[in-house]
Structures are given as structure tokens and as C-alpha cells.
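Below is final_35.cif, which holds mmCIF, C-alpha atoms.
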```cif
data_data
loop_
_atom_site.label_atom_id
_atom_site.label_comp_id
_atom_site.auth_asym_id
_atom_site.auth_seq_id
_atom_site.Cartn_x
_atom_site.Cartn_y
_atom_site.Cartn_z
CA MET A 1 -16.41 6.97 12.90
CA GLN A 2 -17.99 6.41 16.30
CA ASP A 3 -21.69 6.84 17.05
CA SER A 4 -24.54 4.85 18.55
CA ASN A 5 -24.76 2.54 15.51
CA PHE A 6 -21.21 2.16 14.17
CA TYR A 7 -17.78 1.71 15.72
CA TYR A 8 -14.43 1.91 13.90
CA LEU A 9 -11.71 0.06 15.77
CA ASP A 10 -9.20 2.44 17.33
CA ILE A 11 -6.04 0.35 17.47
CA ASN A 12 -3.41 2.56 15.83
CA SER A 13 -2.87 6.17 14.79
CA SER A 14 -3.06 5.61 11.03
CA GLY A 15 -6.49 3.97 11.09
CA ASN A 16 -5.20 1.22 8.78
CA HIS A 17 -5.60 -2.04 10.69
CA SER A 18 -3.46 -4.19 8.37
CA LYS A 19 -0.22 -4.40 10.35
CA PRO A 20 -1.75 -4.69 13.85
CA ILE A 21 -4.01 -7.55 12.75
CA GLN A 22 -1.24 -9.31 10.82
CA ASN A 23 1.08 -9.09 13.82
CA ALA A 24 -1.56 -10.04 16.37
CA PHE A 25 -2.70 -13.14 14.50
CA SER A 26 0.52 -14.30 12.90
CA ASN A 27 1.40 -17.89 13.68
CA LYS A 28 4.88 -17.74 12.19
CA THR A 29 6.56 -17.08 15.54
CA LYS A 30 4.40 -19.19 17.80
CA ASN A 31 6.71 -22.17 18.00
CA ILE A 32 10.33 -21.47 18.91
CA VAL A 33 12.34 -24.53 17.89
CA SER A 34 15.92 -23.24 18.25
CA ASP A 35 18.02 -20.54 19.84
CA HIS A 36 18.49 -18.82 16.47
CA ASN A 37 16.97 -15.33 16.75
CA LYS A 38 15.19 -16.58 19.86
CA THR A 39 15.17 -13.11 21.47
CA ASP A 40 13.63 -11.55 18.36
CA GLN A 41 10.98 -14.28 18.21
CA ILE A 42 10.06 -13.85 21.85
CA GLU A 43 9.77 -10.10 21.34
CA ALA A 44 7.57 -10.64 18.27
CA ILE A 45 5.28 -12.89 20.31
CA ARG A 46 5.15 -10.31 23.09
CA ARG A 47 4.18 -7.56 20.63
CA GLY A 48 1.63 -9.81 18.98
CA ASN A 49 -0.01 -10.65 22.31
CA HIS A 50 -0.04 -6.98 23.27
CA LEU A 51 -1.75 -6.06 19.98
CA ARG A 52 -4.25 -8.88 20.41
CA SER A 53 -5.12 -7.51 23.84
CA ILE A 54 -5.67 -4.03 22.38
CA ILE A 55 -7.86 -5.45 19.60
CA GLU A 56 -9.96 -7.52 22.00
CA ASN A 57 -10.45 -4.51 24.28
CA GLU A 58 -11.69 -2.53 21.29
CA LEU A 59 -14.03 -5.34 20.22
CA GLU A 60 -15.43 -5.38 23.74
CA LYS A 61 -15.86 -1.61 23.68
CA ALA A 62 -17.83 -1.80 20.40
CA GLY A 63 -20.68 -3.56 22.17
CA ASN A 64 -23.70 -4.17 19.94
CA ARG A 65 -22.69 -1.62 17.32
CA VAL A 66 -21.73 -2.48 13.74
CA THR A 67 -17.98 -2.71 14.08
CA ILE A 68 -15.70 -1.82 11.17
CA ILE A 69 -12.21 -3.20 10.63
CA SER A 70 -10.21 -2.04 7.62
CA GLY A 71 -6.97 -3.56 6.36
CA GLU A 72 -6.11 -4.55 2.80
CA SER A 73 -3.35 -6.91 3.96
CA ILE A 74 -5.88 -9.14 5.71
CA SER A 75 -6.43 -10.66 2.25
CA ILE A 76 -2.87 -12.05 2.15
CA MET A 77 -2.78 -13.53 5.66
CA PRO A 78 -2.11 -17.30 5.77
CA GLN A 79 -5.06 -19.57 6.41
CA GLU A 80 -4.11 -20.49 9.97
CA SER A 81 -3.90 -16.79 10.87
CA LEU A 82 -7.29 -16.14 9.29
CA VAL A 83 -8.78 -19.01 11.32
CA ASP A 84 -7.29 -17.51 14.48
CA PHE A 85 -8.65 -14.07 13.54
CA ARG A 86 -12.12 -15.46 12.84
CA GLY A 87 -12.11 -17.30 16.15
CA THR A 88 -11.46 -14.07 18.03
CA LEU A 89 -14.14 -12.15 16.11
CA SER A 90 -16.64 -14.95 16.73
CA LYS A 91 -16.37 -14.40 20.47
CA TYR A 92 -17.89 -10.94 20.00
CA PHE A 93 -20.07 -11.14 16.88
CA ASP A 94 -22.61 -13.59 15.45
CA ASP A 95 -22.49 -12.07 11.97
CA ILE A 96 -19.14 -11.40 10.29
CA GLN A 97 -19.20 -9.91 6.78
CA LEU A 98 -16.14 -9.21 4.64
CA VAL A 99 -16.00 -6.75 1.76
CA GLY A 100 -13.21 -6.22 -0.75
CA TYR A 101 -12.90 -3.34 -3.19
CA ILE A 102 -11.47 -4.87 -6.36
CA ARG A 103 -9.25 -3.01 -8.83
CA PRO A 104 -8.60 -4.19 -12.39
CA PRO A 105 -5.20 -5.94 -12.42
CA ALA A 106 -3.39 -3.33 -14.55
CA SER A 107 -4.28 -0.40 -12.29
CA PHE A 108 -3.65 -2.57 -9.23
CA ILE A 109 -0.09 -3.30 -10.43
CA GLU A 110 0.56 0.42 -10.98
CA SER A 111 -0.79 1.29 -7.54
CA ALA A 112 1.05 -1.58 -5.84
CA PHE A 113 4.33 -0.65 -7.51
CA GLN A 114 4.09 2.85 -6.10
CA GLN A 115 3.37 1.49 -2.63
CA VAL A 116 6.35 -0.87 -2.58
CA VAL A 117 8.66 1.93 -3.76
CA LYS A 118 7.31 4.16 -1.00
CA GLY A 119 8.01 1.31 1.40
CA GLY A 120 11.66 1.15 0.39
CA ALA A 121 11.79 -1.45 -2.42
CA SER A 122 13.59 -1.08 -5.73
CA ASP A 123 12.59 -4.32 -7.41
CA PHE A 124 11.27 -3.95 -10.94
CA ASN A 125 9.45 -7.27 -10.92
CA LEU A 126 5.89 -6.41 -11.93
CA ARG A 127 4.78 -10.04 -12.07
CA ARG A 128 4.91 -10.41 -8.32
CA LEU A 129 2.54 -7.43 -8.00
CA TYR A 130 -0.32 -9.08 -9.85
CA PRO A 131 -3.30 -9.28 -7.46
CA ARG A 132 -3.68 -13.01 -6.93
CA TYR A 133 -7.46 -12.89 -6.71
CA ARG A 134 -8.21 -16.59 -6.62
CA ARG A 135 -5.36 -17.62 -4.32
CA ASN A 136 -6.00 -14.91 -1.72
CA PHE A 137 -9.78 -14.65 -1.76
CA SER A 138 -10.54 -18.35 -2.06
CA ARG A 139 -8.60 -18.72 1.20
CA ILE A 140 -10.74 -16.03 2.83
CA GLU A 141 -13.92 -17.62 1.50
CA SER A 142 -12.92 -21.02 2.87
CA VAL A 143 -12.40 -19.54 6.36
CA PHE A 144 -15.32 -17.09 6.58
CA GLY A 145 -17.71 -18.72 4.10
CA GLN A 146 -18.30 -17.56 0.53
CA GLU A 147 -21.76 -16.31 1.48
CA ASN A 148 -20.13 -13.84 3.91
CA VAL A 149 -17.69 -12.31 1.40
CA SER A 150 -18.75 -9.53 -0.99
CA TYR A 151 -16.80 -7.82 -3.77
CA TRP A 152 -17.27 -4.24 -4.93
CA ASN A 153 -15.73 -2.54 -7.94
CA PHE A 154 -13.02 -0.02 -7.15
CA ASP A 155 -14.07 2.65 -9.63
CA THR A 156 -13.45 6.19 -8.43
CA LYS A 157 -15.52 7.61 -11.30
CA SER A 158 -18.63 5.95 -9.85
CA PHE A 159 -17.94 6.89 -6.22
CA PRO A 160 -19.77 9.84 -4.63
CA SER A 161 -17.31 12.76 -4.78
CA GLY A 162 -14.83 10.29 -6.28
CA CYS A 163 -14.07 9.06 -2.74
CA VAL A 164 -13.96 5.41 -1.68
CA VAL A 165 -14.65 6.33 1.98
CA THR A 166 -17.82 8.17 0.97
CA ASP A 167 -18.86 5.21 -1.18
CA PHE A 168 -18.35 2.77 1.68
CA CYS A 169 -20.28 4.94 4.13
CA SER A 170 -23.17 5.46 1.71
CA ARG A 171 -23.49 1.69 1.19
CA LEU A 172 -23.76 1.14 4.95
CA GLY A 173 -25.92 4.18 5.63
CA ILE A 174 -23.24 5.94 7.65
CA GLU A 175 -23.52 9.72 7.78
CA ILE A 176 -20.10 11.31 7.39
CA ASN A 177 -18.90 14.88 7.05
CA GLN A 178 -16.74 15.25 3.94
CA ASN A 179 -14.46 17.62 5.84
CA SER A 180 -13.67 14.89 8.37
CA ILE A 181 -12.19 12.55 5.73
CA ILE A 182 -8.41 12.50 5.98
CA LYS A 183 -6.75 11.37 2.78
CA VAL A 184 -3.55 9.40 3.21
CA ASN A 185 -1.56 7.31 0.73
CA GLU A 186 -2.16 9.84 -2.01
CA SER A 187 -0.41 8.85 -5.21
CA LEU A 188 2.82 10.52 -6.32
CA SER A 189 3.43 11.86 -9.79
CA LEU A 190 5.60 9.99 -12.30
CA PRO A 191 8.50 12.48 -11.87
CA ALA A 192 8.33 11.99 -8.09
CA ILE A 193 8.27 8.19 -8.43
CA LYS A 194 11.32 8.36 -10.72
CA LEU A 195 13.28 10.33 -8.13
CA LEU A 196 12.20 8.05 -5.29
CA TYR A 197 12.89 4.84 -7.23
CA THR A 198 16.36 6.05 -8.20
CA PHE A 199 17.07 6.87 -4.57
CA ARG A 200 15.87 3.44 -3.45
CA LYS A 201 17.86 1.70 -6.18
CA PHE A 202 21.17 3.36 -5.36
CA SER A 203 20.75 4.09 -1.64
CA SER A 204 23.55 1.71 -0.65
CA GLU A 205 25.96 3.33 -3.14
CA VAL A 206 25.41 6.71 -1.48
CA ASN A 207 25.37 5.26 2.06
CA ALA A 208 21.79 6.31 2.74
CA LYS A 209 20.51 4.65 5.91
CA ARG A 210 17.02 3.23 6.30
CA LEU A 211 15.13 5.40 8.73
CA SER A 212 11.96 4.98 10.74
CA THR A 213 8.66 4.89 8.87
CA ALA A 214 7.82 8.39 10.10
CA GLU A 215 11.18 9.74 8.95
CA GLU A 216 10.89 8.03 5.57
CA HIS A 217 7.51 9.65 5.04
CA VAL A 218 9.00 13.12 5.45
CA LEU A 219 10.65 12.69 2.06
CA ILE A 220 7.60 11.05 0.49
CA ASN A 221 5.33 13.85 1.68
CA ALA A 222 7.72 16.43 0.24
CA LEU A 223 7.73 14.62 -3.12
CA SER A 224 3.93 14.95 -3.28
CA ASP A 225 4.50 18.62 -4.20
CA LEU A 226 6.15 17.60 -7.47
CA ASP A 227 3.40 17.73 -10.08
CA GLY A 228 3.11 15.60 -13.18
CA PRO A 229 1.21 12.70 -14.74
CA LYS A 230 0.64 9.44 -12.89
CA ILE A 231 2.76 6.40 -13.55
CA LYS A 232 1.55 4.17 -16.38
CA PHE A 233 3.23 1.00 -17.54
CA HIS A 234 3.47 0.17 -21.23
CA SER A 235 1.25 -2.57 -22.60
CA SER A 236 4.37 -4.55 -23.58
CA LEU A 237 5.01 -5.01 -19.84
CA LEU A 238 1.45 -5.51 -18.64
CA ARG A 239 -0.18 -7.70 -21.30
CA PRO A 240 2.02 -10.80 -20.77
CA ILE A 241 1.30 -10.64 -17.03
CA LEU A 242 -2.44 -10.23 -17.58
CA ARG A 243 -2.45 -13.04 -20.14
CA ASP A 244 -0.61 -15.48 -17.88
CA ASN A 245 -2.99 -14.76 -14.97
CA ARG A 246 -6.21 -14.68 -16.98
CA SER A 247 -7.77 -17.63 -15.14
CA SER A 248 -7.39 -15.84 -11.80
CA THR A 249 -8.92 -12.67 -13.25
CA LYS A 250 -11.83 -14.69 -14.67
CA TRP A 251 -12.39 -16.23 -11.24
CA MET A 252 -12.77 -12.76 -9.72
CA GLU A 253 -14.97 -11.52 -12.56
CA ARG A 254 -17.43 -14.31 -11.76
CA ARG A 255 -17.47 -13.26 -8.11
CA LEU A 256 -17.72 -9.58 -8.98
CA GLY A 257 -20.36 -10.02 -11.66
CA SER A 258 -18.58 -7.63 -14.01
CA SER A 259 -15.52 -7.41 -16.24
CA LEU A 260 -12.09 -6.34 -15.05
CA GLU A 261 -10.96 -5.55 -18.57
CA GLN A 262 -9.09 -2.25 -18.75
CA THR A 263 -7.91 -0.33 -21.79
CA ILE A 264 -4.15 0.15 -21.69
CA SER A 265 -3.41 3.30 -23.65
CA ASN A 266 0.27 3.77 -24.38
CA THR A 267 1.80 7.24 -24.50
CA LYS A 268 5.36 8.51 -24.88
CA LEU A 269 5.51 8.62 -21.06
CA SER A 270 4.48 4.98 -20.54
CA ILE A 271 7.21 3.06 -18.73
CA LYS A 272 8.61 0.24 -20.86
CA SER A 273 11.50 -0.86 -18.64
CA GLU A 274 13.45 -0.09 -15.50
CA GLU A 275 15.69 2.17 -17.58
CA GLY A 276 12.66 4.34 -18.24
CA LEU A 277 12.19 4.85 -14.50
CA LEU A 278 15.85 5.77 -14.08
CA SER A 279 15.67 8.32 -16.89
CA ILE A 280 15.19 11.57 -14.97
CA GLY A 281 13.96 14.49 -17.07
CA LYS A 282 14.73 18.18 -16.72
CA ILE A 283 11.68 19.08 -14.61
CA PRO A 284 12.40 16.76 -11.64
CA LYS A 285 16.12 17.60 -11.80
CA ARG A 286 15.37 21.31 -11.63
CA TRP A 287 12.79 20.78 -8.88
CA LEU A 288 15.30 18.84 -6.79
CA SER A 289 18.10 21.35 -7.37
CA ASP A 290 15.80 24.19 -6.27
CA LYS A 291 15.07 22.31 -3.06
CA LEU A 292 18.79 21.92 -2.34
CA GLY A 293 19.62 25.59 -2.86
CA THR A 294 22.13 27.72 -4.75
CA LYS A 295 25.01 25.23 -4.60
CA HIS A 296 23.05 22.79 -6.77
CA HIS A 297 20.81 25.20 -8.67
CA LYS A 298 22.77 25.34 -11.93
CA LYS A 299 23.96 21.75 -11.87
CA TRP A 300 20.60 20.32 -12.97
CA LYS A 301 21.44 21.26 -16.57
CA HIS A 302 24.52 19.03 -16.51
CA GLU A 303 24.64 15.31 -17.21
CA LEU A 304 23.71 13.58 -13.96
CA THR A 305 24.09 9.87 -13.28
CA SER A 306 21.60 7.82 -11.30
CA ILE A 307 24.05 7.86 -8.39
CA ASP A 308 24.20 11.66 -8.61
CA ILE A 309 20.40 11.79 -8.33
CA ALA A 310 20.47 9.36 -5.39
CA GLU A 311 23.08 11.52 -3.66
CA TRP A 312 20.94 14.63 -4.17
CA MET A 313 17.90 12.80 -2.79
CA LYS A 314 19.92 11.76 0.26
CA LEU A 315 20.96 15.39 0.82
CA TYR A 316 17.37 16.56 0.40
CA ARG A 317 16.12 14.01 2.93
CA GLU A 318 18.78 15.13 5.41
CA LYS A 319 17.74 18.75 4.87
CA LEU A 320 14.08 17.92 5.49
CA LEU A 321 14.87 16.04 8.69
CA LEU A 322 17.00 18.92 9.99
CA GLU A 323 14.13 21.33 9.33
CA ARG A 324 11.84 19.15 11.50
CA ARG A 325 14.04 19.45 14.56
#
```
Please go through the file and, once you have read it, give me the structure as C-alpha cells.
Amino acid sequence: MQDSNFYYLDINSSGNHSKPIQNAFSNKTKNIVSDHNKTDQIEAIRRGNHLRSIIENELEKAGNRVTIISGESISIMPQESLVDFRGTLSKYFDDIQLVGYIRPPASFIESAFQQVVKGGASDFNLRRLYPRYRRNFSRIESVFGQENVSYWNFDTKSFPSGCVVTDFCSRLGIEINQNSIIKVNESLSLPAIKLLYTFRKFSSEVNAKRLSTAEEHVLINALSDLDGPKIKFHSSLLRPILRDNRSSTKWMERRLGSSLEQTISNTKLSIKSEEGLLSIGKIPKRWLSDKLGTKHHKKWKHELTSIDIAEWMKLYREKLLLERR
């Protein structure tokens, strides 16, 4: 997204600026007070300074154009890091505006759960996934000024072509070719999430090593071919969390100017507990056995434990990585 009017910071290959900005403006490693992990801390500072240099070069390159930075994790940065970030931006721009697309808390929890499982987690603690609207965004408002922070509903049904990128561009008057939009972070189906969660949960039991992010995504991309409904959590799980955080939701509704209420419709596929995620049905078992070949093809009909599924997932990941070489 580069033209005479707009400039999208080019600081990493993914286009998501979250990690570079977090690392460049993190203050957690600034003061080394002991020799414990001193080498790691020094390396973290070196990487952070390098990223800051890249970011500042890009800000300089933007010139007088409207410059766009995109990173959802900016909202959870500590206040001192946000102050540092604002200070750097202020050297290049007189007007800094922040925009957040806001999901209703139930759908946010479902989306966030999928993301943490993709990232390697196997913690079925949905409470920690509640979007802490007031805590996070009041911090941003205090640093950048409430008058400079806007909130927009994340509602794909209302977006042009159902696309958040198209919606953002239309709001700013940016002309964009639909064919140039690259969709990443597409959601996985419920059967795929079940397989991946089981693998994450029992990876140590099957001696599955953590790999690089790129290598991990080989398996995730392959799982995107497994069709099925999206993950939905049962109201018995979600309603207590929503109730206990109602004041935070109300705070955001006042900022947003609209309700974040969401109908939670339970079905027989709604996940009620961790055991529901570990209950692998026939379709994903057969899909996985087909991927592994004739040796496993008929075994999907047998009783398989969670560790069996994790072992199969490990074998499938190894097969995928071999095929890449």
C-alpha cells in the first residue's frame, strides 16, 4: 500500500507490525541488574535497537504521506513502552490517530483461543482470553489522548466484500485492488482445531519438538484443508466470563456507541469443556489417516487415544517437512 498519499510501513515480511514494535519499544530488558541471563538480555536489547532503527528509517521514508502502522498487540503494550513509541512517532508526525476494530467479547474469545493454539498453547483457560477493553484501551487513551483514539465495530457482515482490509481502505479513501489483498490468519475448522489442540496438549508425551514459526505453520496451513464448522463455545462456558467482565464491556460500548451484545446459540457441536476438544470424531481421524498413507488408513476406525492422535499429528508434521525439502 504505497502511493503518493499513503505509506504502509515495510518492516517485516508478514506485514503485521505487532512483534517488531513490541520488541523495539519494550523496556523490560533495558536495565540489566544481574548476570542472570545477561547474554540473552544484551541480545534482546541489540535486536530491539536494530528494529527501532528499521522502523525509524521507514518513518523517515514515509515523508509527508499518511503513514499506516498495523499491529493488534500494540493494545497490550505496557504504558512506558507506549510512551516510548509515541515519542518516536512524534518526531515524524504532528497528528497521530489510533483506530481499533472491536469484536464482541464472545467472538473475540473464540478467535483468540484459535490463535493461541496455533501459537503452540494448550491451556483451556478461556477467562484469560477475555478482551480487557478498559484496562488496555484506557492505557492507550492516557498516552495518546482519548480524542485521538477511535473505535470501529468488527462486523464482517457490514464490511465491503466482507473484508476488513477493504473496509479500512474505504474509510480512508484508499484505492485498493481486491486481487492484491493477501489473506493470512484464516480460521481453521473445528475438526482441525481439535487435532491441533490434541497435538499441542500431548506433544511432550510423543516427544514432538517445538520448531521455528515457519515450520510450525506448515502443519497449520495443511490443516486449513480440513473442512467443517467453526469453533463455538457453549454458553455455559462463556456467560460467566461475560457476566464477570460486564463493566469492562460497558466501558467499551460507551466508547463504541453501540452494543457488544452477541447471541450465543448452542448446538450439539458447541464446546462445553476441554474433553469436548479432545473428543476426535470419525471425519478428522479418517482425514489424518489418509494423509499418513496405507499403513494408517484402516486404523482410524479403531479406538484411538489422545496420545495416539498426537503421535499421528507428529508423523504428519514430519511428513510435511520432508516434502518441503
Nearest-residue call for Leu196 in chain A, choices A:Ser265, A:Ser13, A:Ser122, A:Ser18, using all atoms listed in the file: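 Among A:Ser265, A:Ser13, A:Ser122, A:Ser18, it is A:Ser122 that comes nearest to Leu196 in chain A.
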Hits of the PyMOL selection byres ((chain A and resi 160-167) around 10) in this structure, as a list in words: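 Output of the PyMOL selection byres ((chain A and resi 160-167) around 10): Tyr101, Phe154, Asp155, Thr156, Lys157, Ser158, Phe159, Phe168, Cys169, Ser170, Arg171, Leu172, Gly173, Ile174, Glu175, Ile176, Asn177, Gln178, Ile181, Ile182 and Lys183 of chain A.
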Of the listed residues A:Gly120, A:Met77, A:Asn12, A:Asn23, that which approaches Ala208 in chain A most closely, counting only C-alpha atoms: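 Answer, going by the shortest atom-to-atom distance: A:Gly120.
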Selection near Pro105 in chain A, 12 Å with only C-alpha atoms, sequence-local residues under 2 positions removed, as number ranges by chain: A: 102-103, 107-113, 126-133, 153-154, 238-239, 241-246, 248-250, 252-253, 259-264
d(CA of Phe202 in chain A, CA of Val117 in chain A) in Å: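 Result for CA of Phe202 in chain A versus CA of Val117 in chain A: 12.7 Å, one decimal.
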Interatomic distance (Å, one decimal) between CA of Ser306 in chain A and CA of Thr198 in chain A: 6.3 Å
Result set of the PyMOL selection byres ((chain A and resi 234) around 8) on the coordinates above, as a PyMOL selection string: chain A and resi 232-233+235-238+264-267+270-272
Residue nearest Leu59 in chain A - candidates A:Val83, A:Ile231, A:Ala44, A:Ile11, atoms counted: all atoms listed in the file: A:Ile11
Counting all atoms listed in the file, the residue of A:Tyr151, A:Phe124, A:Ser73, A:Arg47 that sits nearest Gly257 in chain A: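 Smallest separation from Gly257 in chain A among the options: A:Tyr151.
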A:Ile280, A:Ala121, A:Val143, A:Ile42 ranked by distance to Arg210 in chain A, top pick (using all atoms listed in the file):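 For Arg210 in chain A, the nearest of the candidates is A:Ala121.
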Gap from CA of Glu141 in chain A to CA of Gly119 in chain A - Å, one decimal: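 Here the two named atoms are 29.0 Å from each other.
The nearest approach to Ala214 in chain A among the residues A:Ala106, A:Leu288, A:Leu321, A:Ile76, with all atoms listed in the file taken into account, belongs to A:Leu321.
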Expansion of the PyMOL selection byres ((chain A and resi 187-195) around 6) into residues, as a PyMOL selection string: chain A and resi 186+196-198+223-224+227-231+277+284
Residue contacts of Ser150 in chain A (7 Å, only C-alpha atoms) excluding same-chain residues fewer than 3 positions away, as a PyMOL selection string: chain A and resi 98-100
With a distance cut-off of 12 Å and all atoms listed in the file, select the neighbouring residues of His296 in chain A, excluding the residue or stretch itself and same-chain residues fewer than 5 positions from it, and output the selection as a CSV table (one decimal) with C-alpha atoms, in the coordinates of the input.
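Now in result_24.csv:
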```csv
chain,number,residue,atom,x,y,z
A,285,LYS,CA,16.1,17.6,-11.8
A,286,ARG,CA,15.4,21.3,-11.6
A,287,TRP,CA,12.8,20.8,-8.9
A,288,LEU,CA,15.3,18.8,-6.8
A,289,SER,CA,18.1,21.4,-7.4
A,290,ASP,CA,15.8,24.2,-6.3
A,291,LYS,CA,15.1,22.3,-3.1
A,301,LYS,CA,21.4,21.3,-16.6
A,302,HIS,CA,24.5,19.0,-16.5
A,304,LEU,CA,23.7,13.6,-14.0
A,308,ASP,CA,24.2,11.7,-8.6
A,309,ILE,CA,20.4,11.8,-8.3
A,311,GLU,CA,23.1,11.5,-3.7
A,312,TRP,CA,20.9,14.6,-4.2
A,313,MET,CA,17.9,12.8,-2.8
A,315,LEU,CA,21.0,15.4,0.8
A,316,TYR,CA,17.4,16.6,0.4
```
Test item: axis-aligned box, all listed atoms of range 142-158 of chain A, 5 Å on each side, centre and edges in Å rounded to one decimal, as AutoDock Vina command-line options:
```
--center_x -17.1 --center_y -6.7 --center_z -2.4 --size_x 19.4 --size_y 38.6 --size_z 27.9
```
